[in-house]
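> I am sharing start_33.cif, which consists of mmCIF, C-alpha atoms:
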```
data_start
#
loop_
_atom_site.label_atom_id
_atom_site.label_comp_id
_atom_site.auth_asym_id
_atom_site.auth_seq_id
_atom_site.Cartn_x
_atom_site.Cartn_y
_atom_site.Cartn_z
CA MET A 1 -20.01 107.29 29.84
CA ARG A 2 -16.56 108.85 30.20
CA LEU A 3 -16.87 112.25 31.81
CA ARG A 4 -14.55 114.97 30.57
CA ASN A 5 -13.98 118.08 32.62
CA LYS A 6 -15.56 120.99 30.77
CA PRO A 7 -14.97 124.26 32.66
CA TRP A 8 -17.18 126.21 30.23
CA ALA A 9 -20.13 123.86 30.80
CA GLU A 10 -21.58 125.66 33.81
CA GLU A 11 -21.75 128.99 32.01
CA MET A 12 -23.33 127.47 28.92
CA ILE A 13 -25.98 125.77 31.06
CA THR A 14 -26.82 129.04 32.85
CA ASN A 15 -27.05 130.83 29.51
CA HIS A 16 -29.84 128.54 28.25
CA PRO A 17 -32.69 128.67 30.76
CA GLU A 18 -35.12 128.24 27.83
CA VAL A 19 -33.82 124.64 27.51
CA ILE A 20 -32.36 123.65 30.89
CA VAL A 21 -35.05 124.70 33.35
CA PRO A 22 -33.61 126.61 36.33
CA ASN A 23 -35.28 125.92 39.71
CA PRO A 24 -37.37 123.01 38.42
CA GLU A 25 -38.83 122.51 41.92
CA ASP A 26 -40.92 125.65 41.23
CA PHE A 27 -42.94 123.76 38.61
CA LYS A 28 -43.81 120.69 40.67
CA GLY A 29 -47.45 119.92 39.87
CA ASN A 30 -47.46 122.82 37.41
CA TRP A 31 -45.47 121.80 34.34
CA GLN A 32 -48.18 122.99 31.95
CA VAL A 33 -46.89 126.52 32.75
CA VAL A 34 -43.51 125.61 31.29
CA PHE A 35 -44.90 124.06 28.11
CA GLY A 36 -47.93 126.32 27.69
CA ASN A 37 -50.26 123.34 27.19
CA ASN A 38 -51.66 120.26 28.93
CA ASN A 39 -50.09 117.64 26.69
CA PRO A 40 -48.81 114.48 28.40
CA ILE A 41 -45.26 114.62 29.73
CA HIS A 42 -42.74 111.86 29.04
CA ILE A 43 -39.43 111.96 30.87
CA GLU A 44 -36.14 110.25 30.14
CA VAL A 45 -34.07 109.48 33.23
CA GLY A 46 -30.40 109.58 32.26
CA THR A 47 -30.65 111.48 29.01
CA GLY A 48 -26.94 111.32 28.20
CA LYS A 49 -26.08 113.17 25.02
CA GLY A 50 -29.73 113.81 24.21
CA GLN A 51 -30.18 112.19 20.79
CA PHE A 52 -33.12 110.06 21.95
CA VAL A 53 -35.15 112.72 23.74
CA THR A 54 -34.53 115.26 20.96
CA GLY A 55 -35.52 112.76 18.28
CA MET A 56 -38.67 111.84 20.19
CA ALA A 57 -39.63 115.50 20.66
CA LEU A 58 -39.31 116.14 16.93
CA GLN A 59 -41.22 112.95 16.08
CA ASN A 60 -44.10 113.58 18.53
CA PRO A 61 -44.99 117.29 18.76
CA ASP A 62 -48.12 116.56 20.85
CA ILE A 63 -46.10 115.10 23.71
CA ASN A 64 -43.90 117.14 26.03
CA TYR A 65 -40.47 115.67 26.77
CA ILE A 66 -38.14 116.28 29.68
CA GLY A 67 -34.62 114.85 29.60
CA ILE A 68 -32.99 114.42 33.01
CA GLU A 69 -29.23 114.31 33.37
CA LEU A 70 -27.08 115.02 36.40
CA TYR A 71 -23.66 115.75 34.96
CA ASP A 72 -22.64 119.17 33.60
CA SER A 73 -20.20 117.67 31.13
CA VAL A 74 -22.88 115.36 29.70
CA ILE A 75 -25.93 117.63 29.75
CA VAL A 76 -24.06 120.25 27.69
CA CYS A 77 -23.87 117.69 24.88
CA ALA A 78 -27.64 117.22 25.16
CA LEU A 79 -28.04 121.00 25.21
CA GLU A 80 -26.03 121.32 22.00
CA LYS A 81 -28.22 118.65 20.41
CA VAL A 82 -31.38 120.53 21.44
CA LEU A 83 -30.01 123.83 20.12
CA GLU A 84 -29.08 122.15 16.81
CA ALA A 85 -32.72 121.02 16.58
CA LYS A 86 -33.76 124.68 17.13
CA SER A 87 -35.02 124.08 20.68
CA PRO A 88 -38.37 122.32 20.06
CA ALA A 89 -41.13 123.94 22.14
CA ASN A 90 -42.09 120.53 23.58
CA LEU A 91 -38.63 119.71 24.98
CA ARG A 92 -36.79 120.68 28.16
CA LEU A 93 -33.81 119.38 30.10
CA LEU A 94 -33.33 119.18 33.88
CA LYS A 95 -29.91 119.04 35.47
CA VAL A 96 -30.95 117.02 38.52
CA ASN A 97 -30.45 113.62 40.10
CA GLY A 98 -32.87 110.90 38.96
CA ALA A 99 -33.15 109.77 42.58
CA ASP A 100 -34.80 113.14 43.41
CA LEU A 101 -37.62 112.96 40.85
CA ASN A 102 -40.30 113.48 43.49
CA LYS A 103 -38.82 116.89 44.34
CA PHE A 104 -39.78 118.08 40.86
CA PHE A 105 -42.90 116.10 40.00
CA ASN A 106 -46.16 115.36 41.78
CA LYS A 107 -48.25 112.23 41.33
CA ASN A 108 -49.88 112.40 37.86
CA ASP A 109 -47.37 114.93 36.47
CA VAL A 110 -45.74 112.32 34.22
CA ALA A 111 -47.34 109.89 31.73
CA ARG A 112 -44.30 107.80 30.81
CA VAL A 113 -40.72 107.18 31.95
CA TYR A 114 -38.00 106.25 29.46
CA LEU A 115 -34.82 104.50 30.56
CA ASN A 116 -32.21 103.98 27.86
CA PHE A 117 -28.92 102.11 28.27
CA SER A 118 -28.85 102.89 31.96
CA ASP A 119 -25.75 102.15 34.00
CA PRO A 120 -25.87 98.37 34.67
CA TRP A 121 -24.18 98.56 38.11
CA PRO A 122 -23.15 94.91 37.72
CA LYS A 123 -22.01 94.33 41.32
CA THR A 124 -24.72 92.85 43.54
CA ARG A 125 -23.98 95.36 46.31
CA HIS A 126 -24.82 98.17 43.86
CA ALA A 127 -28.17 96.66 42.82
CA LYS A 128 -30.10 99.47 44.53
CA ARG A 129 -28.52 101.98 42.13
CA ARG A 130 -29.96 100.27 39.04
CA LEU A 131 -32.73 102.45 37.62
CA THR A 132 -35.12 99.47 37.48
CA HIS A 133 -34.62 98.50 41.14
CA GLY A 134 -37.86 98.30 43.14
CA ASP A 135 -36.99 101.52 44.99
CA PHE A 136 -36.82 103.39 41.68
CA LEU A 137 -40.04 101.76 40.42
CA LYS A 138 -41.73 103.06 43.57
CA LEU A 139 -40.32 106.52 42.85
CA TYR A 140 -41.60 106.45 39.25
CA GLU A 141 -45.02 105.28 40.43
CA SER A 142 -45.15 108.25 42.81
CA ILE A 143 -44.95 110.75 39.91
CA LEU A 144 -46.75 108.81 37.14
CA VAL A 145 -50.40 108.84 36.18
CA ASP A 146 -52.42 105.72 37.03
CA ASN A 147 -51.41 102.90 34.69
CA GLY A 148 -48.34 104.93 33.70
CA GLU A 149 -45.64 103.16 31.72
CA ILE A 150 -41.92 102.55 31.78
CA HIS A 151 -40.15 101.99 28.45
CA PHE A 152 -36.68 100.58 28.81
CA LYS A 153 -33.97 99.50 26.41
CA THR A 154 -30.44 98.28 26.98
CA ASP A 155 -27.75 96.09 25.50
CA ASN A 156 -26.82 94.79 28.95
CA ARG A 157 -28.14 91.27 29.42
CA GLY A 158 -27.65 91.18 33.18
CA LEU A 159 -29.47 94.47 33.68
CA PHE A 160 -32.33 93.37 31.44
CA GLU A 161 -32.73 90.06 33.29
CA PHE A 162 -32.68 91.93 36.61
CA SER A 163 -35.29 94.37 35.28
CA LEU A 164 -37.70 91.65 34.11
CA ILE A 165 -37.63 90.13 37.60
CA SER A 166 -37.86 93.51 39.31
CA ILE A 167 -40.97 94.67 37.43
CA SER A 168 -42.62 91.29 38.01
CA GLU A 169 -41.87 91.39 41.74
CA TYR A 170 -43.26 94.93 41.87
CA GLY A 171 -46.51 93.65 40.37
CA MET A 172 -46.18 95.60 37.12
CA LEU A 173 -47.59 94.27 33.87
CA LEU A 174 -45.17 93.42 31.06
CA LYS A 175 -46.87 94.71 27.92
CA TYR A 176 -44.14 94.31 25.32
CA VAL A 177 -40.72 92.73 25.16
CA SER A 178 -38.13 92.32 22.43
CA LEU A 179 -34.96 90.32 22.94
CA ASP A 180 -33.47 91.58 19.68
CA LEU A 181 -34.93 94.97 18.90
CA HIS A 182 -32.98 95.50 15.71
CA ALA A 183 -33.98 92.12 14.25
CA ASN A 184 -37.48 93.56 13.70
CA MET A 185 -36.80 97.27 14.05
CA PRO A 186 -40.00 99.21 14.77
CA GLU A 187 -40.38 102.03 12.24
CA ASP A 188 -40.65 104.66 14.96
CA ASN A 189 -37.61 103.50 16.96
CA VAL A 190 -35.47 106.51 17.88
CA MET A 191 -31.91 105.37 18.53
CA THR A 192 -29.63 106.69 21.25
CA GLU A 193 -26.01 107.51 20.38
CA TYR A 194 -24.94 104.39 22.20
CA GLU A 195 -27.53 102.21 20.47
CA GLN A 196 -26.41 103.42 17.05
CA LYS A 197 -22.78 102.62 17.80
CA PHE A 198 -23.57 99.34 19.52
CA SER A 199 -26.04 97.94 17.00
CA ALA A 200 -23.33 97.89 14.35
CA LYS A 201 -21.65 95.09 16.32
CA GLY A 202 -24.62 92.78 15.79
CA GLN A 203 -25.25 92.04 19.47
CA PRO A 204 -28.87 92.21 20.61
CA ILE A 205 -30.63 95.25 22.03
CA TYR A 206 -33.30 94.36 24.61
CA ARG A 207 -36.44 96.43 25.05
CA LEU A 208 -39.55 96.29 27.23
CA GLU A 209 -42.68 98.26 28.01
CA SER A 210 -44.21 97.82 31.43
CA GLN A 211 -47.25 99.32 33.10
CA PHE A 212 -48.14 100.05 36.70
CA ILE A 213 -51.36 98.38 37.76
CA THR A 214 -53.67 100.51 39.85
CA LYS A 215 -54.31 98.75 43.15
CA LEU A 216 -58.04 98.81 43.86
CA MET B 1 -39.39 67.09 15.51
CA ARG B 2 -39.60 64.98 12.34
CA LEU B 3 -41.86 62.03 12.93
CA ARG B 4 -40.88 58.74 11.37
CA ASN B 5 -43.40 55.96 11.00
CA LYS B 6 -42.40 53.14 13.35
CA PRO B 7 -44.82 50.20 13.00
CA TRP B 8 -43.16 48.35 15.91
CA ALA B 9 -43.64 51.30 18.27
CA GLU B 10 -47.13 50.38 19.46
CA GLU B 11 -46.08 46.88 20.50
CA MET B 12 -43.00 48.14 22.32
CA ILE B 13 -45.11 50.68 24.23
CA THR B 14 -47.61 48.01 25.29
CA ASN B 15 -44.76 45.74 26.41
CA HIS B 16 -43.48 48.30 28.94
CA PRO B 17 -46.34 49.18 31.29
CA GLU B 18 -43.76 49.60 34.09
CA VAL B 19 -42.53 52.75 32.27
CA ILE B 20 -45.40 53.99 30.09
CA VAL B 21 -48.38 53.95 32.44
CA PRO B 22 -51.45 52.32 30.84
CA ASN B 23 -54.82 53.89 31.74
CA PRO B 24 -53.29 56.91 33.51
CA GLU B 25 -56.79 58.28 34.22
CA ASP B 26 -57.05 55.56 36.89
CA PHE B 27 -54.41 57.34 38.99
CA LYS B 28 -55.91 60.82 38.94
CA GLY B 29 -55.49 62.18 42.48
CA ASN B 30 -53.70 58.97 43.42
CA TRP B 31 -50.23 59.01 41.86
CA GLN B 32 -48.53 58.00 45.12
CA VAL B 33 -49.85 54.48 44.33
CA VAL B 34 -47.76 54.42 41.16
CA PHE B 35 -44.56 55.66 42.80
CA GLY B 36 -45.04 54.01 46.20
CA ASN B 37 -44.28 57.27 48.03
CA ASN B 38 -45.55 60.83 48.56
CA ASN B 39 -42.62 62.66 46.97
CA PRO B 40 -43.47 65.73 44.89
CA ILE B 41 -44.28 65.11 41.24
CA HIS B 42 -42.70 67.15 38.44
CA ILE B 43 -44.02 66.68 34.92
CA GLU B 44 -42.50 67.54 31.57
CA VAL B 45 -45.05 68.40 28.89
CA GLY B 46 -43.62 67.38 25.52
CA THR B 47 -40.88 65.05 26.67
CA GLY B 48 -39.56 64.31 23.19
CA LYS B 49 -36.71 61.81 23.24
CA GLY B 50 -36.57 61.79 27.03
CA GLN B 51 -33.00 62.85 27.79
CA PHE B 52 -34.10 65.70 30.07
CA VAL B 53 -36.66 63.86 32.18
CA THR B 54 -34.39 60.81 32.51
CA GLY B 55 -31.42 62.96 33.51
CA MET B 56 -33.54 64.82 36.06
CA ALA B 57 -34.87 61.56 37.54
CA LEU B 58 -31.33 60.24 38.00
CA GLN B 59 -30.14 63.56 39.46
CA ASN B 60 -33.04 63.96 41.92
CA PRO B 61 -34.15 60.61 43.38
CA ASP B 62 -36.47 62.30 45.92
CA ILE B 63 -38.66 63.78 43.20
CA ASN B 64 -41.01 61.77 41.01
CA TYR B 65 -40.94 62.62 37.29
CA ILE B 66 -43.56 62.06 34.63
CA GLY B 67 -42.70 62.71 30.99
CA ILE B 68 -45.68 63.38 28.74
CA GLU B 69 -45.48 62.78 25.01
CA LEU B 70 -48.26 62.18 22.51
CA TYR B 71 -46.53 60.55 19.57
CA ASP B 72 -45.76 56.81 19.42
CA SER B 73 -42.72 57.33 17.22
CA VAL B 74 -41.25 59.85 19.69
CA ILE B 75 -42.17 58.29 23.03
CA VAL B 76 -40.45 55.03 22.01
CA CYS B 77 -37.17 56.99 21.90
CA ALA B 78 -37.89 58.25 25.42
CA LEU B 79 -38.76 54.70 26.44
CA GLU B 80 -35.42 53.43 25.13
CA LYS B 81 -33.65 56.19 27.07
CA VAL B 82 -35.48 55.18 30.27
CA LEU B 83 -34.67 51.49 29.74
CA GLU B 84 -30.99 52.35 29.14
CA ALA B 85 -31.05 54.14 32.52
CA LYS B 86 -32.46 50.91 34.05
CA SER B 87 -35.96 52.37 34.55
CA PRO B 88 -35.48 54.63 37.60
CA ALA B 89 -38.21 53.99 40.18
CA ASN B 90 -39.06 57.71 40.27
CA LEU B 91 -39.77 58.04 36.53
CA ARG B 92 -42.79 57.28 34.35
CA LEU B 93 -43.98 58.26 30.89
CA LEU B 94 -47.53 59.01 29.73
CA LYS B 95 -48.58 58.72 26.11
CA VAL B 96 -51.27 61.40 26.24
CA ASN B 97 -52.05 64.85 24.88
CA GLY B 98 -50.74 67.76 26.96
CA ALA B 99 -54.06 69.53 26.40
CA ASP B 100 -55.77 66.76 28.43
CA LEU B 101 -53.65 67.06 31.59
CA ASN B 102 -56.68 67.56 33.80
CA LYS B 103 -58.00 64.12 32.80
CA PHE B 104 -54.99 62.57 34.55
CA PHE B 105 -54.19 64.96 37.38
CA ASN B 106 -56.23 66.64 40.11
CA LYS B 107 -55.47 70.01 41.67
CA ASN B 108 -52.37 69.58 43.89
CA ASP B 109 -51.18 66.39 42.14
CA VAL B 110 -48.24 68.19 40.51
CA ALA B 111 -45.56 70.43 42.07
CA ARG B 112 -43.82 71.67 38.94
CA VAL B 113 -44.29 71.74 35.16
CA TYR B 114 -41.29 71.66 32.81
CA LEU B 115 -41.55 72.89 29.23
CA ASN B 116 -38.47 72.41 27.08
CA PHE B 117 -38.03 73.62 23.51
CA SER B 118 -41.76 73.47 22.92
CA ASP B 119 -43.14 73.91 19.42
CA PRO B 120 -43.05 77.70 18.77
CA TRP B 121 -46.17 77.75 16.56
CA PRO B 122 -44.92 80.99 15.00
CA LYS B 123 -48.12 81.93 13.16
CA THR B 124 -50.36 84.29 15.13
CA ARG B 125 -53.43 82.19 14.34
CA HIS B 126 -51.74 79.24 16.09
CA ALA B 127 -50.92 81.20 19.26
CA LYS B 128 -53.41 79.17 21.31
CA ARG B 129 -51.37 76.03 20.63
CA ARG B 130 -48.24 77.45 22.29
CA LEU B 131 -47.69 75.66 25.60
CA THR B 132 -47.30 78.99 27.43
CA HIS B 133 -50.58 80.44 26.12
CA GLY B 134 -52.93 81.64 28.88
CA ASP B 135 -55.26 78.67 28.26
CA PHE B 136 -52.39 76.27 29.01
CA LEU B 137 -51.30 78.28 32.07
CA LYS B 138 -54.86 77.90 33.37
CA LEU B 139 -54.66 74.16 32.73
CA TYR B 140 -51.33 73.87 34.59
CA GLU B 141 -52.73 75.90 37.50
CA SER B 142 -55.66 73.46 37.71
CA ILE B 143 -53.32 70.52 38.47
CA LEU B 144 -50.50 72.27 40.35
CA VAL B 145 -50.09 72.82 44.08
CA ASP B 146 -50.58 76.38 45.35
CA ASN B 147 -47.59 78.50 44.30
CA GLY B 148 -46.61 75.75 41.85
CA GLU B 149 -43.95 76.56 39.28
CA ILE B 150 -43.35 76.41 35.55
CA HIS B 151 -39.77 76.03 34.33
CA PHE B 152 -39.34 76.75 30.67
CA LYS B 153 -36.41 76.83 28.27
CA THR B 154 -36.21 77.39 24.55
CA ASP B 155 -33.95 78.70 21.83
CA ASN B 156 -36.90 80.34 20.09
CA ARG B 157 -36.83 84.09 20.69
CA GLY B 158 -40.39 84.73 19.52
CA LEU B 159 -41.80 82.01 21.77
CA PHE B 160 -39.81 83.27 24.74
CA GLU B 161 -40.99 86.86 24.23
CA PHE B 162 -44.58 85.61 23.93
CA SER B 163 -44.15 83.56 27.10
CA LEU B 164 -42.81 86.46 29.18
CA ILE B 165 -45.87 88.52 28.23
CA SER B 166 -48.24 85.60 28.73
CA ILE B 167 -47.10 84.79 32.28
CA SER B 168 -47.21 88.48 33.19
CA GLU B 169 -50.74 88.87 31.83
CA TYR B 170 -51.78 85.77 33.75
CA GLY B 171 -50.53 87.41 36.95
CA MET B 172 -47.73 84.90 37.54
CA LEU B 173 -44.50 85.91 39.25
CA LEU B 174 -41.27 85.75 37.25
CA LYS B 175 -38.73 84.31 39.69
CA TYR B 176 -35.74 83.70 37.44
CA VAL B 177 -34.78 84.51 33.88
CA SER B 178 -31.69 83.90 31.78
CA LEU B 179 -31.32 85.28 28.27
CA ASP B 180 -28.21 83.20 27.62
CA LEU B 181 -28.34 80.09 29.76
CA HIS B 182 -25.08 78.65 28.53
CA ALA B 183 -23.12 81.86 29.17
CA ASN B 184 -23.38 81.08 32.90
CA MET B 185 -24.37 77.43 32.82
CA PRO B 186 -25.92 76.34 36.12
CA GLU B 187 -24.09 73.26 37.43
CA ASP B 188 -27.29 71.24 37.66
CA ASN B 189 -28.56 72.09 34.16
CA VAL B 190 -29.76 68.91 32.45
CA MET B 191 -29.67 69.39 28.69
CA THR B 192 -32.24 68.13 26.23
CA GLU B 193 -31.06 66.47 23.01
CA TYR B 194 -32.04 69.57 21.11
CA GLU B 195 -30.28 71.90 23.56
CA GLN B 196 -27.06 69.92 23.28
CA LYS B 197 -27.11 70.09 19.49
CA PHE B 198 -28.23 73.70 19.40
CA SER B 199 -25.85 75.13 21.98
CA ALA B 200 -22.89 74.17 19.83
CA LYS B 201 -24.00 76.86 17.37
CA GLY B 202 -23.44 79.60 19.94
CA GLN B 203 -26.94 81.07 19.77
CA PRO B 204 -28.59 81.84 23.11
CA ILE B 205 -30.83 79.50 25.08
CA TYR B 206 -33.52 81.35 27.05
CA ARG B 207 -34.82 80.06 30.39
CA LEU B 208 -37.34 81.19 32.98
CA GLU B 209 -38.94 80.06 36.22
CA SER B 210 -42.39 81.38 37.02
CA GLN B 211 -44.74 80.83 39.93
CA PHE B 212 -48.50 80.92 40.28
CA ILE B 213 -49.66 83.37 42.92
CA THR B 214 -52.44 82.13 45.15
CA LYS B 215 -55.37 84.51 44.89
CA LEU B 216 -56.58 85.35 48.39
#
```
As structure tokens, what does this structure read like?

Amino acid sequence: MRLRNKPWAEEMITNHPEVIVPNPEDFKGNWQVVFGNNNPIHIEVGTGKGQFVTGMALQNPDINYIGIELYDSVIVCALEKVLEAKSPANLRLLKVNGADLNKFFNKNDVARVYLNFSDPWPKTRHAKRRLTHGDFLKLYESILVDNGEIHFKTDNRGLFEFSLISISEYGMLLKYVSLDLHANMPEDNVMTEYEQKFSAKGQPIYRLESQFITKL
Amino acid sequence: MRLRNKPWAEEMITNHPEVIVPNPEDFKGNWQVVFGNNNPIHIEVGTGKGQFVTGMALQNPDINYIGIELYDSVIVCALEKVLEAKSPANLRLLKVNGADLNKFFNKNDVARVYLNFSDPWPKTRHAKRRLTHGDFLKLYESILVDNGEIHFKTDNRGLFEFSLISISEYGMLLKYVSLDLHANMPEDNVMTEYEQKFSAKGQPIYRLESQFITKL
């Protein structure tokens, strides 16, 4: 995503602690305090402009959603989207690095991880930065409940191929896969901004659901 | 594949025992007698018109190939292809049912199974007939060496999606996957008749390599 410099972003972020949680490390292992209930927590790593996580929060009021985005200039777009939706009680944003998830979540804090149209990092020497690399899977496992799930969609063929191999090598179970999501669009599919724009071109969107297997 | 009635097929098959092995059950556990060496054996289940298995045999003289095809009217086409190629010493055909593989092969007889453009059996009630169904994977495992492999390609999206799930549920390792084989055509790719015809249309060919994991 092209990042524009937005000097007003920092102030806007600070002014909305009810959406973008300040000091999220304070709630590690204790997120029910933030949401006021014990509903399962689903996080999206790389929330971008926030259409997906906001749509999901509105669609599923009994699940708590946390959108994670590092960049000021991007998370303010997500913030605007959340404010437009009147700040659903089951939705928060974190302005943190996805690589630091275990600073903010304990094992069992999270029930599901969403990855949508993540940066493909096409060069082999950047493979470790891909959000489905084994190192990231290990990180997700360290904050997920037993048998927790990863739901991933992308239009990038190379990244999807890499991800199928990566989850297999990690020993995860592939529960669902679509190699052309929009050919048989699930009724409850919430589109990202990018997906909406991209799908008009008629190229396939890939999607998978994968589950960690508890080692006995 | 459309099956034409070919009354001369049976006679032609009987006349070429040097290619289409008569009484293959006699060689169960003993295929080195047929080939005159101990080279690894790769089989193709559903050989069709034989272009793939013949091309592979010519390309890889140190591997023994067995093409398996049930129908008289189809296997005669494969036979003609083999005869045109001057009957490579490392190639045989079996006119048997793929569901009966364990009547003709013992555990460790086979090093690799190829499945190419297998019948998709799109109806859910026919899922058990798909050559990547768990029941077939179990059958392949029962004749393969430890860590033996399945190499599969198809243009059928539904069958490929089913197969990815099936091998994951079986606990196999996904070693390689391409969601558009011809976009980065491997130099050693041997095309089937169907693949050659189909690829001209510009729709993707899917391919995977998967390995059985020895249970300790």
> Produce the centre coordinates and the three edge lengths, each in Å to one decimal, of the box along x, y and z that contains all listed atoms of region 155-161 of chain A with 8 Å added on each side, as AutoDock Vina command-line options.

```
--center_x -29.8 --center_y 93.1 --center_z 29.6 --size_x 21.9 --size_y 22.0 --size_z 24.2
```
> Determine, using all atoms listed in the file, which residues of chain B have any atom at most 8 Å from an atom of chain A, and tabulate each with its shortest atom pair and distance in Å to one decimal place, rows ordered by chain and then rising number, as JSON lines.

```
{"residue": "B:Arg157", "atom": "CA", "partner": "A:Leu179", "partner_atom": "CA", "distance": 6.9}
{"residue": "B:Glu161", "atom": "CA", "partner": "A:Val177", "partner_atom": "CA", "distance": 5.9}
{"residue": "B:Leu164", "atom": "CA", "partner": "A:Leu174", "partner_atom": "CA", "distance": 7.6}
{"residue": "B:Ile165", "atom": "CA", "partner": "A:Leu174", "partner_atom": "CA", "distance": 5.7}
{"residue": "B:Ser168", "atom": "CA", "partner": "A:Leu174", "partner_atom": "CA", "distance": 5.8}
{"residue": "B:Glu169", "atom": "CA", "partner": "A:Leu173", "partner_atom": "CA", "distance": 6.6}
{"residue": "B:Leu173", "atom": "CA", "partner": "A:Ser168", "partner_atom": "CA", "distance": 5.8}
{"residue": "B:Leu174", "atom": "CA", "partner": "A:Ile165", "partner_atom": "CA", "distance": 5.7}
{"residue": "B:Lys175", "atom": "CA", "partner": "A:Ile165", "partner_atom": "CA", "distance": 6.3}
{"residue": "B:Tyr176", "atom": "CA", "partner": "A:Ile165", "partner_atom": "CA", "distance": 6.7}
{"residue": "B:Val177", "atom": "CA", "partner": "A:Glu161", "partner_atom": "CA", "distance": 5.9}
{"residue": "B:Ser178", "atom": "CA", "partner": "A:Glu161", "partner_atom": "CA", "distance": 6.4}
{"residue": "B:Leu179", "atom": "CA", "partner": "A:Arg157", "partner_atom": "CA", "distance": 6.9}
```
> Between CA of Ala9 (chain B) and CA of Ser73 (chain B), what is the spacing in Å?
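Pair CA of Ser73 (chain B) / CA of Ala9 (chain B) returns 6.2 Å.
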> Nearest residue to Phe212 (chain A) out of A:Ala200, A:Ala111, A:Ala183, A:Ile75, using all atoms listed in the file?
A:Ala111
> Check which residues satisfy the PyMOL selection byres ((chain B and resi 154) around 6) in the file shown, then give them as a compact mmCIF listing (two decimals) with C-alpha atoms, keeping the file's coordinate frame.

```txt
# COMPACT_ATOMS: atom_id res chain seq x y z
CA PHE B 117 -38.03 73.62 23.51
CA LYS B 153 -36.41 76.83 28.27
CA ASP B 155 -33.95 78.70 21.83
CA ASN B 156 -36.90 80.34 20.09
CA ILE B 205 -30.83 79.50 25.08
CA TYR B 206 -33.52 81.35 27.05
```
> For the file shown, report as a PyMOL selection string the outcome of the PyMOL selection byres ((chain A and resi 148) around 6) at residue level.
chain A and resi 111-112+144-147+149+211-212
> When the PyMOL selection byres ((chain B and resi 51-68) around 6) is applied to the structure above, which residues does it catch, written out as JSON, numbers by chain?
{"B": [39, 40, 41, 42, 43, 44, 45, 46, 47, 49, 50, 69, 90, 91, 92, 93, 94, 190, 191, 192]}
> Quick one: residues within 12 Å of Pro7 (chain A), all atoms listed in the file counted, chain neighbours fewer than 6 positions away excluded, as a CSV table (one decimal) with C-alpha atoms, keeping the file's coordinate frame?

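What ended up in out.csv:
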```csv
chain,number,residue,atom,x,y,z
A,13,ILE,CA,-26.0,125.8,31.1
A,72,ASP,CA,-22.6,119.2,33.6
A,73,SER,CA,-20.2,117.7,31.1
A,76,VAL,CA,-24.1,120.2,27.7
```
> Could you list as a list in words every residue that has an atom within 9 Å of (-51.7, 68.5, 35.4), using the file's coordinates and counting all atoms listed in the file?
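Counting all atoms listed in the file, I find these residues within 9 Å of (-51.7, 68.5, 35.4): Ile43, Gly98, Asp100, Leu101, Asn102, Lys103, Phe104, Phe105, Asn106, Lys107, Asn108, Asp109, Val110, Val113, Leu139, Tyr140, Glu141, Ser142, Ile143 and Leu144 of chain B.
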> Restore N, CA and C atoms in region 176-186 of chain B and list the result as a short mmCIF file (atom, residue, chain, number, x, y, z; two decimals), in the frame of the given file.

```cif
data_model
loop_
_atom_site.label_atom_id
_atom_site.label_comp_id
_atom_site.auth_asym_id
_atom_site.auth_seq_id
_atom_site.Cartn_x
_atom_site.Cartn_y
_atom_site.Cartn_z
N TYR B 176 -37.10 83.84 37.98
CA TYR B 176 -35.74 83.70 37.44
C TYR B 176 -35.83 83.83 35.93
N VAL B 177 -34.85 84.49 35.34
CA VAL B 177 -34.78 84.51 33.88
C VAL B 177 -33.33 84.57 33.45
N SER B 178 -33.00 83.80 32.42
CA SER B 178 -31.69 83.90 31.78
C SER B 178 -31.90 84.07 30.29
N LEU B 179 -31.22 85.04 29.71
CA LEU B 179 -31.32 85.28 28.27
C LEU B 179 -30.14 84.68 27.53
N ASP B 180 -29.31 83.94 28.25
CA ASP B 180 -28.21 83.20 27.62
C ASP B 180 -27.74 82.16 28.61
N LEU B 181 -28.53 81.10 28.71
CA LEU B 181 -28.34 80.09 29.76
C LEU B 181 -26.93 79.54 29.77
N HIS B 182 -26.38 79.32 28.59
CA HIS B 182 -25.08 78.65 28.53
C HIS B 182 -23.91 79.59 28.78
N ALA B 183 -24.19 80.91 28.84
CA ALA B 183 -23.12 81.86 29.17
C ALA B 183 -22.71 81.70 30.64
N ASN B 184 -23.68 81.38 31.49
CA ASN B 184 -23.38 81.08 32.90
C ASN B 184 -24.12 79.81 33.25
N MET B 185 -23.66 78.71 32.70
CA MET B 185 -24.37 77.43 32.82
C MET B 185 -24.51 77.01 34.29
N PRO B 186 -25.76 76.86 34.76
CA PRO B 186 -25.92 76.34 36.12
C PRO B 186 -25.37 74.91 36.18
#
```
